[in-house]
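Peer 1: So that you have it, the file is my_file.cif, and it contains mmCIF, C-alpha atoms, pLDDT in the B column; chains and numbers go by the auth columns:
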```cif
data_query
#
loop_
_atom_site.group_PDB
_atom_site.id
_atom_site.type_symbol
_atom_site.label_atom_id
_atom_site.label_comp_id
_atom_site.label_asym_id
_atom_site.label_seq_id
_atom_site.Cartn_x
_atom_site.Cartn_y
_atom_site.Cartn_z
_atom_site.B_iso_or_equiv
_atom_site.auth_seq_id
_atom_site.auth_asym_id
ATOM 1 C CA MET A 1 114.386 -47.911 -27.591 94.00 14 A
ATOM 2 C CA ASP A 2 114.314 -50.953 -25.343 95.00 15 A
ATOM 3 C CA PHE A 3 112.166 -54.004 -24.746 94.00 16 A
ATOM 4 C CA THR A 4 112.037 -56.872 -22.264 96.00 17 A
ATOM 5 C CA VAL A 5 112.149 -60.335 -23.830 97.00 18 A
ATOM 6 C CA ARG A 6 113.177 -63.927 -23.199 97.00 19 A
ATOM 7 C CA ILE A 7 116.170 -65.381 -25.074 97.00 20 A
ATOM 8 C CA LYS A 8 114.952 -68.176 -27.319 98.00 21 A
ATOM 9 C CA GLU A 9 118.108 -69.032 -29.295 97.00 22 A
ATOM 10 C CA ILE A 10 121.658 -67.728 -29.730 97.00 23 A
ATOM 11 C CA LEU A 11 122.862 -68.331 -33.276 97.00 24 A
ATOM 12 C CA SER A 12 126.466 -68.919 -34.306 96.00 25 A
ATOM 13 C CA PRO A 13 128.545 -65.834 -35.117 95.00 26 A
ATOM 14 C CA VAL A 14 128.998 -64.900 -38.774 96.00 27 A
ATOM 15 C CA SER A 15 131.623 -62.733 -40.430 93.00 28 A
ATOM 16 C CA GLY A 16 132.560 -61.423 -43.826 93.00 29 A
ATOM 17 C CA GLU A 17 134.290 -58.761 -45.846 92.00 30 A
ATOM 18 C CA ASN A 18 132.980 -55.721 -47.672 87.00 31 A
ATOM 19 C CA GLU A 19 134.385 -52.514 -49.137 88.00 32 A
ATOM 20 C CA LYS A 20 134.790 -51.104 -45.585 87.00 33 A
ATOM 21 C CA GLY A 21 136.737 -54.120 -44.278 91.00 34 A
ATOM 22 C CA SER A 22 135.832 -57.158 -42.201 93.00 35 A
ATOM 23 C CA TRP A 23 132.683 -57.427 -40.102 93.00 36 A
ATOM 24 C CA HIS A 24 131.356 -59.810 -37.418 95.00 37 A
ATOM 25 C CA LYS A 25 127.851 -60.240 -36.037 96.00 38 A
ATOM 26 C CA GLN A 26 125.786 -62.634 -33.977 97.00 39 A
ATOM 27 C CA ILE A 27 122.017 -62.930 -34.032 97.00 40 A
ATOM 28 C CA VAL A 28 119.958 -63.689 -30.942 98.00 41 A
ATOM 29 C CA LEU A 29 116.353 -64.814 -31.347 98.00 42 A
ATOM 30 C CA VAL A 30 114.158 -63.433 -28.600 98.00 43 A
ATOM 31 C CA GLU A 31 110.515 -63.940 -27.696 98.00 44 A
ATOM 32 C CA THR A 32 108.297 -61.058 -26.620 96.00 45 A
ATOM 33 C CA LEU A 33 106.241 -61.320 -23.436 95.00 46 A
ATOM 34 C CA GLU A 34 102.938 -60.415 -25.062 94.00 47 A
ATOM 35 C CA ARG A 35 99.795 -62.543 -24.832 96.00 48 A
ATOM 36 C CA ILE A 36 100.643 -63.737 -28.344 96.00 49 A
ATOM 37 C CA PRO A 37 104.478 -63.885 -28.282 96.00 50 A
ATOM 38 C CA ARG A 38 106.490 -62.751 -31.297 96.00 51 A
ATOM 39 C CA ILE A 39 109.966 -63.913 -32.279 98.00 52 A
ATOM 40 C CA VAL A 40 112.432 -61.120 -33.103 97.00 53 A
ATOM 41 C CA ALA A 41 115.962 -61.504 -34.510 98.00 54 A
ATOM 42 C CA VAL A 42 118.321 -59.053 -32.789 98.00 55 A
ATOM 43 C CA SER A 43 121.816 -58.414 -34.220 97.00 56 A
ATOM 44 C CA PHE A 44 124.903 -57.836 -32.063 97.00 57 A
ATOM 45 C CA TRP A 45 127.723 -56.358 -34.177 95.00 58 A
ATOM 46 C CA GLY A 46 131.483 -56.328 -33.572 92.00 59 A
ATOM 47 C CA ASP A 47 132.543 -55.823 -29.948 91.00 60 A
ATOM 48 C CA ARG A 48 128.916 -55.960 -28.783 93.00 61 A
ATOM 49 C CA MET A 49 128.989 -59.719 -29.457 93.00 62 A
ATOM 50 C CA GLU A 50 131.017 -60.088 -26.248 92.00 63 A
ATOM 51 C CA THR A 51 128.105 -58.761 -24.179 93.00 64 A
ATOM 52 C CA ILE A 52 125.914 -61.792 -24.900 94.00 65 A
ATOM 53 C CA LYS A 53 128.411 -64.447 -23.799 92.00 66 A
ATOM 54 C CA SER A 54 127.138 -64.391 -20.203 93.00 67 A
ATOM 55 C CA PHE A 55 123.511 -65.008 -21.214 95.00 68 A
ATOM 56 C CA GLN A 56 121.715 -68.302 -21.833 95.00 69 A
ATOM 57 C CA ILE A 57 118.564 -69.530 -23.504 96.00 70 A
ATOM 58 C CA GLY A 58 115.581 -68.777 -21.271 95.00 71 A
ATOM 59 C CA ASP A 59 117.095 -65.683 -19.628 95.00 72 A
ATOM 60 C CA LEU A 60 114.775 -62.714 -19.212 97.00 73 A
ATOM 61 C CA VAL A 61 116.600 -59.628 -20.510 97.00 74 A
ATOM 62 C CA LYS A 62 116.134 -55.999 -21.395 97.00 75 A
ATOM 63 C CA ILE A 63 117.675 -55.196 -24.774 97.00 76 A
ATOM 64 C CA PHE A 64 118.382 -51.649 -25.911 97.00 77 A
ATOM 65 C CA ILE A 65 118.118 -51.368 -29.681 97.00 78 A
ATOM 66 C CA ASN A 66 118.242 -49.147 -32.727 96.00 79 A
ATOM 67 C CA LEU A 67 116.050 -49.899 -35.717 96.00 80 A
ATOM 68 C CA GLU A 68 117.701 -49.367 -39.071 95.00 81 A
ATOM 69 C CA SER A 69 116.398 -49.725 -42.615 97.00 82 A
ATOM 70 C CA ARG A 70 118.426 -49.597 -45.805 93.00 83 A
ATOM 71 C CA LEU A 71 117.760 -49.848 -49.513 96.00 84 A
ATOM 72 C CA TYR A 72 119.618 -52.569 -51.415 93.00 85 A
ATOM 73 C CA ASN A 73 118.859 -53.633 -54.994 95.00 86 A
ATOM 74 C CA GLU A 74 115.583 -51.706 -54.949 96.00 87 A
ATOM 75 C CA ARG A 75 114.346 -53.513 -51.790 96.00 88 A
ATOM 76 C CA TRP A 76 114.155 -52.292 -48.213 97.00 89 A
ATOM 77 C CA TYR A 77 115.712 -54.301 -45.387 95.00 90 A
ATOM 78 C CA THR A 78 115.178 -53.573 -41.693 95.00 91 A
ATOM 79 C CA GLU A 79 117.483 -54.709 -38.913 96.00 92 A
ATOM 80 C CA VAL A 80 117.159 -54.633 -35.120 97.00 93 A
ATOM 81 C CA LYS A 81 120.638 -53.704 -33.822 97.00 94 A
ATOM 82 C CA ALA A 82 121.373 -54.101 -30.110 97.00 95 A
ATOM 83 C CA TRP A 83 123.718 -51.736 -28.311 96.00 96 A
ATOM 84 C CA LYS A 84 123.157 -52.970 -24.743 96.00 97 A
ATOM 85 C CA ILE A 85 121.689 -55.976 -22.933 96.00 98 A
ATOM 86 C CA GLU A 86 121.019 -56.484 -19.223 96.00 99 A
ATOM 87 C CA ARG A 87 119.523 -59.262 -17.121 95.00 100 A
ATOM 88 C CA VAL A 88 116.034 -58.625 -15.712 93.00 101 A
ATOM 89 C CA GLY A 89 115.544 -61.600 -13.393 71.00 102 A
ATOM 90 C CA ALA A 90 116.117 -65.333 -12.916 53.00 103 A
ATOM 91 C CA SER A 91 114.757 -67.618 -15.625 45.00 104 A
#
```
Represent the structure of the file as structure tokens.

Peer 2:
Amino acid sequence: MDFTVRIKEILSPVSGENEKGSWHKQIVLVETLERIPRIVAVSFWGDRMETIKSFQIGDLVKIFINLESRLYNERWYTEVKAWKIERVGAS
């Protein structure tokens, strides 16, 4: 799945440890191009964090994503995970 959005904010990277080892992710807030724009938090995990270093706030981009939901403590959590990002045009 993919969607074209404008980068609104690039948050600081976060990292941690779990039973599988260490992990690193960075969240990018993007704004949809609809008549009533929506803000979506998109996660870039591990090596994919490197792909966002060449982008800036205001850039128009196409992001390729996977949606993933998981059950934790009897609650469902959904995450938008990016696997590719590419520039669409000048901002």

Peer 1: Output the residue selection produced by the PyMOL selection byres ((chain A and resi 70-84) around 9) on the file above, formatted as a tab-separated table (two decimals) with C-alpha atoms, in the coordinates of the input.

Peer 2:
```
chain	number	residue	atom	x	y	z
A	14	MET	CA	114.39	-47.91	-27.59
A	15	ASP	CA	114.31	-50.95	-25.34
A	16	PHE	CA	112.17	-54.00	-24.75
A	17	THR	CA	112.04	-56.87	-22.26
A	18	VAL	CA	112.15	-60.34	-23.83
A	19	ARG	CA	113.18	-63.93	-23.20
A	20	ILE	CA	116.17	-65.38	-25.07
A	21	LYS	CA	114.95	-68.18	-27.32
A	22	GLU	CA	118.11	-69.03	-29.30
A	23	ILE	CA	121.66	-67.73	-29.73
A	55	VAL	CA	118.32	-59.05	-32.79
A	68	PHE	CA	123.51	-65.01	-21.21
A	69	GLN	CA	121.72	-68.30	-21.83
A	85	TYR	CA	119.62	-52.57	-51.42
A	86	ASN	CA	118.86	-53.63	-54.99
A	87	GLU	CA	115.58	-51.71	-54.95
A	88	ARG	CA	114.35	-53.51	-51.79
A	89	TRP	CA	114.16	-52.29	-48.21
A	90	TYR	CA	115.71	-54.30	-45.39
A	91	THR	CA	115.18	-53.57	-41.69
A	92	GLU	CA	117.48	-54.71	-38.91
A	93	VAL	CA	117.16	-54.63	-35.12
A	94	LYS	CA	120.64	-53.70	-33.82
A	95	ALA	CA	121.37	-54.10	-30.11
A	96	TRP	CA	123.72	-51.74	-28.31
A	97	LYS	CA	123.16	-52.97	-24.74
A	98	ILE	CA	121.69	-55.98	-22.93
A	99	GLU	CA	121.02	-56.48	-19.22
A	100	ARG	CA	119.52	-59.26	-17.12
A	101	VAL	CA	116.03	-58.62	-15.71
A	102	GLY	CA	115.54	-61.60	-13.39
A	103	ALA	CA	116.12	-65.33	-12.92
A	104	SER	CA	114.76	-67.62	-15.62
```

Peer 1: Kindly provide, as lines of an AutoDock Vina configuration file, the centre and edge lengths (Å, one decimal) of an axis-aligned box around all atoms of stretch 25-30 of chain A given in the file, with 5 Å on each side.

Peer 2:
```
center_x = 130.4
center_y = -63.8
center_z = -40.1
size_x = 17.8
size_y = 20.2
size_z = 21.5
```

Peer 1: Just so the selection is clear, what residues does the PyMOL selection byres ((chain A and resi 57-64) around 6) cover here, as a ChimeraX atom specification?

Peer 2: /A:37-39,56,65-66,95

Peer 1: Could you check how far atom CA of A:Gly34 sits from atom CA of A:Ala54, in Å to one decimal?

Peer 2: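 About the pair atom CA of A:Gly34 and atom CA of A:Ala54: they are 24.1 Å apart.
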
Peer 1: Tell me, in Å to one decimal, how far atom CA of A:Ile52 is from atom CA of A:Ile40.

Peer 2: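 Distance between the two atoms: 12.2 Å.
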
Peer 1: So what do you get for atom CA of A:Ile49 versus atom CA of A:Ser67, distance-wise?

Peer 2: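 Pair atom CA of A:Ile49 / atom CA of A:Ser67 returns 27.7 Å.
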
Peer 1: Just add N, CA and C atoms to stretch 15-34 of chain A and send it as an mmCIF file, in the frame of the given file.

Peer 2:
```cif
data_model
loop_
_atom_site.group_PDB
_atom_site.id
_atom_site.type_symbol
_atom_site.label_atom_id
_atom_site.label_comp_id
_atom_site.auth_asym_id
_atom_site.auth_seq_id
_atom_site.Cartn_x
_atom_site.Cartn_y
_atom_site.Cartn_z
ATOM 1 N N ASP A 15 113.974 -49.705 -26.026
ATOM 2 C CA ASP A 15 114.314 -50.953 -25.343
ATOM 3 C C ASP A 15 113.067 -51.809 -25.205
ATOM 4 N N PHE A 16 113.275 -53.100 -25.008
ATOM 5 C CA PHE A 16 112.166 -54.004 -24.746
ATOM 6 C C PHE A 16 112.648 -55.184 -23.936
ATOM 7 N N THR A 17 111.726 -55.740 -23.121
ATOM 8 C CA THR A 17 112.037 -56.872 -22.264
ATOM 9 C C THR A 17 111.533 -58.137 -22.948
ATOM 10 N N VAL A 18 112.425 -59.114 -23.069
ATOM 11 C CA VAL A 18 112.149 -60.335 -23.830
ATOM 12 C C VAL A 18 112.822 -61.524 -23.159
ATOM 13 N N ARG A 19 112.518 -62.704 -23.654
ATOM 14 C CA ARG A 19 113.177 -63.927 -23.199
ATOM 15 C C ARG A 19 114.037 -64.451 -24.350
ATOM 16 N N ILE A 20 115.279 -64.853 -24.040
ATOM 17 C CA ILE A 20 116.170 -65.381 -25.074
ATOM 18 C C ILE A 20 115.684 -66.759 -25.495
ATOM 19 N N LYS A 21 115.449 -66.914 -26.778
ATOM 20 C CA LYS A 21 114.952 -68.176 -27.319
ATOM 21 C C LYS A 21 116.080 -69.000 -27.942
ATOM 22 N N GLU A 22 117.001 -68.332 -28.643
ATOM 23 C CA GLU A 22 118.108 -69.032 -29.295
ATOM 24 C C GLU A 22 119.238 -68.052 -29.560
ATOM 25 N N ILE A 23 120.475 -68.526 -29.416
ATOM 26 C CA ILE A 23 121.658 -67.728 -29.730
ATOM 27 C C ILE A 23 122.330 -68.406 -30.912
ATOM 28 N N LEU A 24 122.306 -67.743 -32.058
ATOM 29 C CA LEU A 24 122.862 -68.331 -33.276
ATOM 30 C C LEU A 24 124.380 -68.189 -33.307
ATOM 31 N N SER A 25 125.013 -68.970 -34.155
ATOM 32 C CA SER A 25 126.466 -68.919 -34.306
ATOM 33 C C SER A 25 126.887 -67.592 -34.926
ATOM 34 N N PRO A 26 128.052 -67.085 -34.528
ATOM 35 C CA PRO A 26 128.545 -65.834 -35.117
ATOM 36 C C PRO A 26 128.818 -66.003 -36.613
ATOM 37 N N VAL A 27 128.668 -64.922 -37.351
ATOM 38 C CA VAL A 27 128.998 -64.900 -38.774
ATOM 39 C C VAL A 27 129.924 -63.720 -39.027
ATOM 40 N N SER A 28 130.707 -63.819 -40.083
ATOM 41 C CA SER A 28 131.623 -62.733 -40.430
ATOM 42 C C SER A 28 131.786 -62.678 -41.933
ATOM 43 N N GLY A 29 132.340 -61.584 -42.397
ATOM 44 C CA GLY A 29 132.560 -61.423 -43.826
ATOM 45 C C GLY A 29 133.405 -60.200 -44.108
ATOM 46 N N GLU A 30 133.508 -59.905 -45.381
ATOM 47 C CA GLU A 30 134.290 -58.761 -45.846
ATOM 48 C C GLU A 30 133.416 -57.921 -46.769
ATOM 49 N N ASN A 31 133.607 -56.613 -46.718
ATOM 50 C CA ASN A 31 132.980 -55.721 -47.672
ATOM 51 C C ASN A 31 133.959 -54.605 -47.999
ATOM 52 N N GLU A 32 133.490 -53.595 -48.730
ATOM 53 C CA GLU A 32 134.385 -52.514 -49.137
ATOM 54 C C GLU A 32 134.949 -51.726 -47.956
ATOM 55 N N LYS A 33 134.315 -51.816 -46.780
ATOM 56 C CA LYS A 33 134.790 -51.104 -45.585
ATOM 57 C C LYS A 33 135.711 -51.951 -44.719
ATOM 58 N N GLY A 34 135.889 -53.235 -45.066
ATOM 59 C CA GLY A 34 136.737 -54.120 -44.278
ATOM 60 C C GLY A 34 135.971 -55.327 -43.783
#
```
